[in-house]
>>> print(open('query.csv').read())   # CSV, N, CA and C atoms
chain,number,residue,atom,x,y,z
A,17,MET,N,106.6,113.0,88.6
A,17,MET,CA,105.4,113.1,89.3
A,17,MET,C,104.4,114.0,88.4
A,18,ASN,N,103.2,113.5,88.3
A,18,ASN,CA,102.2,114.3,87.5
A,18,ASN,C,101.3,115.1,88.3
A,19,ASP,N,101.3,116.4,88.1
A,19,ASP,CA,100.5,117.4,88.9
A,19,ASP,C,99.2,117.7,88.2
A,20,ASP,N,98.8,117.0,87.1
A,20,ASP,CA,97.6,117.3,86.4
A,20,ASP,C,96.3,116.9,87.1
A,21,ARG,N,96.5,116.0,88.1
A,21,ARG,CA,95.3,115.5,88.8
A,21,ARG,C,94.8,116.6,89.8
A,22,PRO,N,93.5,116.6,90.1
A,22,PRO,CA,93.0,117.6,91.1
A,22,PRO,C,93.6,117.3,92.5
A,23,PRO,N,93.8,118.4,93.2
A,23,PRO,CA,94.3,118.2,94.6
A,23,PRO,C,93.3,117.5,95.5
A,24,ASP,N,93.8,116.7,96.4
A,24,ASP,CA,93.0,116.0,97.4
A,24,ASP,C,92.4,117.1,98.3
A,25,PRO,N,91.1,116.9,98.6
A,25,PRO,CA,90.4,118.0,99.4
A,25,PRO,C,91.1,118.2,100.8
A,26,GLN,N,91.6,117.2,101.4
A,26,GLN,CA,92.4,117.3,102.6
A,26,GLN,C,93.6,118.2,102.4
A,27,ASP,N,94.3,117.9,101.3
A,27,ASP,CA,95.5,118.7,101.0
A,27,ASP,C,95.1,120.2,100.8
A,28,THR,N,94.0,120.4,100.1
A,28,THR,CA,93.5,121.7,99.8
A,28,THR,C,93.2,122.5,101.1
A,29,GLU,N,92.5,121.8,102.0
A,29,GLU,CA,92.2,122.4,103.3
A,29,GLU,C,93.5,122.7,104.1
A,30,ALA,N,94.5,121.8,104.0
A,30,ALA,CA,95.7,122.1,104.7
A,30,ALA,C,96.4,123.3,104.1
A,31,LEU,N,96.4,123.4,102.8
A,31,LEU,CA,97.0,124.6,102.1
A,31,LEU,C,96.3,125.8,102.5
A,32,ARG,N,95.0,125.8,102.6
A,32,ARG,CA,94.2,127.0,103.0
A,32,ARG,C,94.5,127.4,104.4
A,33,ALA,N,94.7,126.4,105.3
A,33,ALA,CA,95.0,126.7,106.7
A,33,ALA,C,96.4,127.4,106.8
A,34,LYS,N,97.3,126.8,106.0
A,34,LYS,CA,98.7,127.3,106.0
A,34,LYS,C,98.7,128.7,105.4
A,35,LEU,N,97.9,128.9,104.4
A,35,LEU,CA,97.8,130.3,103.7
A,35,LEU,C,97.3,131.3,104.7
A,36,GLU,N,96.2,131.0,105.5
A,36,GLU,CA,95.7,131.9,106.4
A,36,GLU,C,96.7,132.2,107.5
A,37,ALA,N,97.4,131.2,108.0
A,37,ALA,CA,98.4,131.4,109.0
A,37,ALA,C,99.5,132.4,108.5
A,38,LEU,N,99.9,132.2,107.3
A,38,LEU,CA,101.0,133.0,106.7
A,38,LEU,C,100.5,134.5,106.5
A,39,LYS,N,99.2,134.6,106.1
A,39,LYS,CA,98.6,135.9,105.9
A,39,LYS,C,98.5,136.7,107.3
A,40,SER,N,98.2,135.9,108.3
A,40,SER,CA,98.1,136.5,109.7
A,40,SER,C,99.4,136.9,110.2
A,41,GLU,N,100.5,136.1,109.9
A,41,GLU,CA,101.8,136.5,110.3
A,41,GLU,C,102.3,137.7,109.6
A,42,HIS,N,101.9,137.8,108.3
A,42,HIS,CA,102.3,138.9,107.4
A,42,HIS,C,101.7,140.2,108.0
A,43,ARG,N,100.4,140.1,108.4
A,43,ARG,CA,99.7,141.3,108.9
A,43,ARG,C,100.3,141.7,110.3
A,44,ASP,N,100.7,140.7,111.1
A,44,ASP,CA,101.3,141.0,112.4
A,44,ASP,C,102.6,141.7,112.2
A,45,LEU,N,103.4,141.2,111.2
A,45,LEU,CA,104.7,141.8,110.9
A,45,LEU,C,104.5,143.2,110.5
A,46,ASP,N,103.5,143.5,109.7
A,46,ASP,CA,103.2,144.8,109.2
A,46,ASP,C,103.0,145.8,110.4
A,47,GLU,N,102.2,145.3,111.4
A,47,GLU,CA,102.0,146.1,112.6
A,47,GLU,C,103.2,146.3,113.4
A,48,VAL,N,104.1,145.3,113.5
A,48,VAL,CA,105.3,145.4,114.3
A,48,VAL,C,106.2,146.4,113.6
A,49,ILE,N,106.3,146.4,112.3
A,49,ILE,CA,107.2,147.3,111.6
A,49,ILE,C,106.7,148.7,111.8
A,50,ASP,N,105.4,148.9,111.7
A,50,ASP,CA,104.8,150.3,111.8
A,50,ASP,C,105.1,150.8,113.2
A,51,ARG,N,105.0,150.0,114.3
A,51,ARG,CA,105.2,150.4,115.6
A,51,ARG,C,106.7,150.7,115.8
A,52,LEU,N,107.6,149.9,115.2
A,52,LEU,CA,109.0,150.1,115.3
A,52,LEU,C,109.4,151.5,114.7
A,53,ILE,N,108.8,151.8,113.5
A,53,ILE,CA,109.2,153.0,112.8
A,53,ILE,C,108.7,154.2,113.6
A,54,GLU,N,107.6,154.1,114.3
A,54,GLU,CA,107.0,155.2,115.1
A,54,GLU,C,108.0,155.7,116.2
A,55,LYS,N,108.7,154.7,116.8
A,55,LYS,CA,109.6,155.0,117.9
A,55,LYS,C,111.0,155.3,117.4
A,56,ALA,N,111.3,156.6,117.4
A,56,ALA,CA,112.7,157.0,117.0
A,56,ALA,C,113.5,157.1,118.2
A,57,PRO,N,114.8,156.8,118.2
A,57,PRO,CA,115.4,156.1,117.1
A,57,PRO,C,115.1,154.6,117.2
A,58,PHE,N,115.1,154.0,116.0
A,58,PHE,CA,114.8,152.5,115.9
A,58,PHE,C,116.0,151.8,115.3
A,59,ASP,N,116.0,150.5,115.6
A,59,ASP,CA,117.1,149.6,115.2
A,59,ASP,C,116.9,149.3,113.7
A,60,GLN,N,117.8,149.9,112.9
A,60,GLN,CA,117.7,149.7,111.4
A,60,GLN,C,117.9,148.2,111.0
A,61,LEU,N,118.8,147.6,111.7
A,61,LEU,CA,119.1,146.1,111.4
A,61,LEU,C,117.8,145.3,111.7
A,62,GLN,N,117.2,145.5,112.8
A,62,GLN,CA,116.0,144.8,113.1
A,62,GLN,C,114.9,145.1,112.1
A,63,LEU,N,114.8,146.4,111.7
A,63,LEU,CA,113.8,146.7,110.7
A,63,LEU,C,114.0,146.0,109.4
A,64,GLN,N,115.3,145.9,109.0
A,64,GLN,CA,115.6,145.2,107.7
A,64,GLN,C,115.3,143.7,107.8
A,65,ARG,N,115.6,143.1,109.0
A,65,ARG,CA,115.2,141.7,109.2
A,65,ARG,C,113.7,141.5,109.1
A,66,LEU,N,113.0,142.3,109.8
A,66,LEU,CA,111.5,142.2,109.7
A,66,LEU,C,111.0,142.3,108.3
A,67,LYS,N,111.5,143.3,107.6
A,67,LYS,CA,111.0,143.5,106.2
A,67,LYS,C,111.4,142.3,105.3
A,68,LYS,N,112.6,141.7,105.5
A,68,LYS,CA,113.0,140.6,104.8
A,68,LYS,C,112.1,139.4,105.1
A,69,ARG,N,111.8,139.2,106.4
A,69,ARG,CA,110.9,138.1,106.8
A,69,ARG,C,109.5,138.3,106.1
A,70,LYS,N,109.0,139.6,106.1
A,70,LYS,CA,107.7,139.9,105.5
A,70,LYS,C,107.7,139.6,104.0
A,71,LEU,N,108.8,139.9,103.3
A,71,LEU,CA,108.9,139.6,101.9
A,71,LEU,C,108.9,138.1,101.7
A,72,GLY,N,109.6,137.3,102.5
A,72,GLY,CA,109.6,135.9,102.5
A,72,GLY,C,108.2,135.3,102.6
A,73,LEU,N,107.5,135.9,103.6
A,73,LEU,CA,106.1,135.4,103.8
A,73,LEU,C,105.2,135.7,102.6
A,74,LYS,N,105.4,136.9,102.0
A,74,LYS,CA,104.7,137.2,100.8
A,74,LYS,C,104.9,136.2,99.7
A,75,ASP,N,106.2,135.8,99.5
A,75,ASP,CA,106.5,134.9,98.5
A,75,ASP,C,105.8,133.5,98.7
A,76,GLN,N,105.8,133.1,100.0
A,76,GLN,CA,105.2,131.8,100.4
A,76,GLN,C,103.7,131.9,100.1
A,77,ILE,N,103.1,133.1,100.4
A,77,ILE,CA,101.7,133.3,100.2
A,77,ILE,C,101.3,133.2,98.8
A,78,LEU,N,102.1,133.8,97.9
A,78,LEU,CA,101.9,133.8,96.5
A,78,LEU,C,102.0,132.4,95.9
A,79,LYS,N,103.0,131.7,96.4
A,79,LYS,CA,103.2,130.3,96.0
A,79,LYS,C,102.0,129.4,96.3
A,80,LEU,N,101.5,129.5,97.6
A,80,LEU,CA,100.4,128.7,98.0
A,80,LEU,C,99.1,129.1,97.2
A,81,GLU,N,98.9,130.4,97.0
A,81,GLU,CA,97.8,130.9,96.3
A,81,GLU,C,97.8,130.3,94.8
A,82,SER,N,99.0,130.2,94.2
A,82,SER,CA,99.1,129.7,92.9
A,82,SER,C,98.8,128.2,92.9
A,83,GLN,N,99.0,127.5,94.0
A,83,GLN,CA,98.7,126.1,94.1
A,83,GLN,C,97.2,125.8,94.2
A,84,LEU,N,96.6,126.8,94.9
A,84,LEU,CA,95.1,126.6,95.2
A,84,LEU,C,94.3,127.0,94.0
A,85,ILE,N,94.8,127.9,93.1
A,85,ILE,CA,94.0,128.4,92.0
A,85,ILE,C,94.4,127.5,90.8
A,86,PRO,N,93.4,126.8,90.2
A,86,PRO,CA,93.7,126.0,89.1
A,86,PRO,C,94.2,126.8,87.9
A,87,ASP,N,95.0,126.2,87.1
A,87,ASP,CA,95.5,126.8,85.9
A,87,ASP,C,94.4,126.8,84.8
A,88,ILE,N,94.2,128.0,84.2
A,88,ILE,CA,93.2,128.1,83.1
A,88,ILE,C,93.9,128.1,81.8
A,89,ILE,N,93.6,127.1,81.0
A,89,ILE,CA,94.2,127.0,79.7
A,89,ILE,C,93.3,127.8,78.7
A,90,ALA,N,93.9,128.8,78.1
A,90,ALA,CA,93.2,129.6,77.1
A,90,ALA,C,93.1,129.0,75.8
>>> encode(input="query.csv", output="structure tokens")
Amino acid sequence: MNDDRPPDPQDTEALRAKLEALKSEHRDLDEVIDRLIEKAPFDQLQLQRLKKRKLGLKDQILKLESQLIPDIIA
């Protein structure tokens, strides 16, 4: 499959919507983690799971952003 062609505008909008949803979930997780840490004692396992999910979201965000930003050939 050749990915040199420009993305379909509908695909681009779908990617942007997905990106915004992921960013929103990432921010929400950030708030949940902050609230969890404030309440001592907190569940360390739950905190680790939330942080792992947050990292996974960040990876997905970076992947989508790279798909939306065209490659610049120097």
>>> residues_around(input="query.csv", residues="range 44-49 of chain A", least_positions_apart="6", cutoff="7 Å", atoms="only N, CA and C atoms", output="PyMOL selection string")
chain A and resi 63+66+70
>>> atom_distance(input="query.csv", atom1="atom N of Ser40 in chain A", atom2="CA of Leu61 in chain A")
23.5 Å
>>> closest_residue(input="query.csv", among="A:Gln60, A:Gln83, A:Lys74, A:Glu54", to="Lys39 in chain A", atoms="only N, CA and C atoms")
A:Lys74
>>> select_by_dssp(input="query.csv", residues="chain A", states="helix (DSSP H, G or I)", output="ChimeraX atom specification")
/A:25-54,60-84
>>> residues_near_point(input="query.csv", point="(101.1, 136.2, 101.8)", cutoff="6 Å", atoms="only N, CA and C atoms", output="JSON, numbers by chain")
{"A": [38, 39, 73, 74, 75, 76, 77, 78]}
>>> atom_distance(input="query.csv", atom1="CA of Ala37 in chain A", atom2="CA of Asp59 in chain A")
26.8 Å
>>> atom_distance(input="query.csv", atom1="CA of Arg32 in chain A", atom2="CA of Pro86 in chain A")
13.9 Å
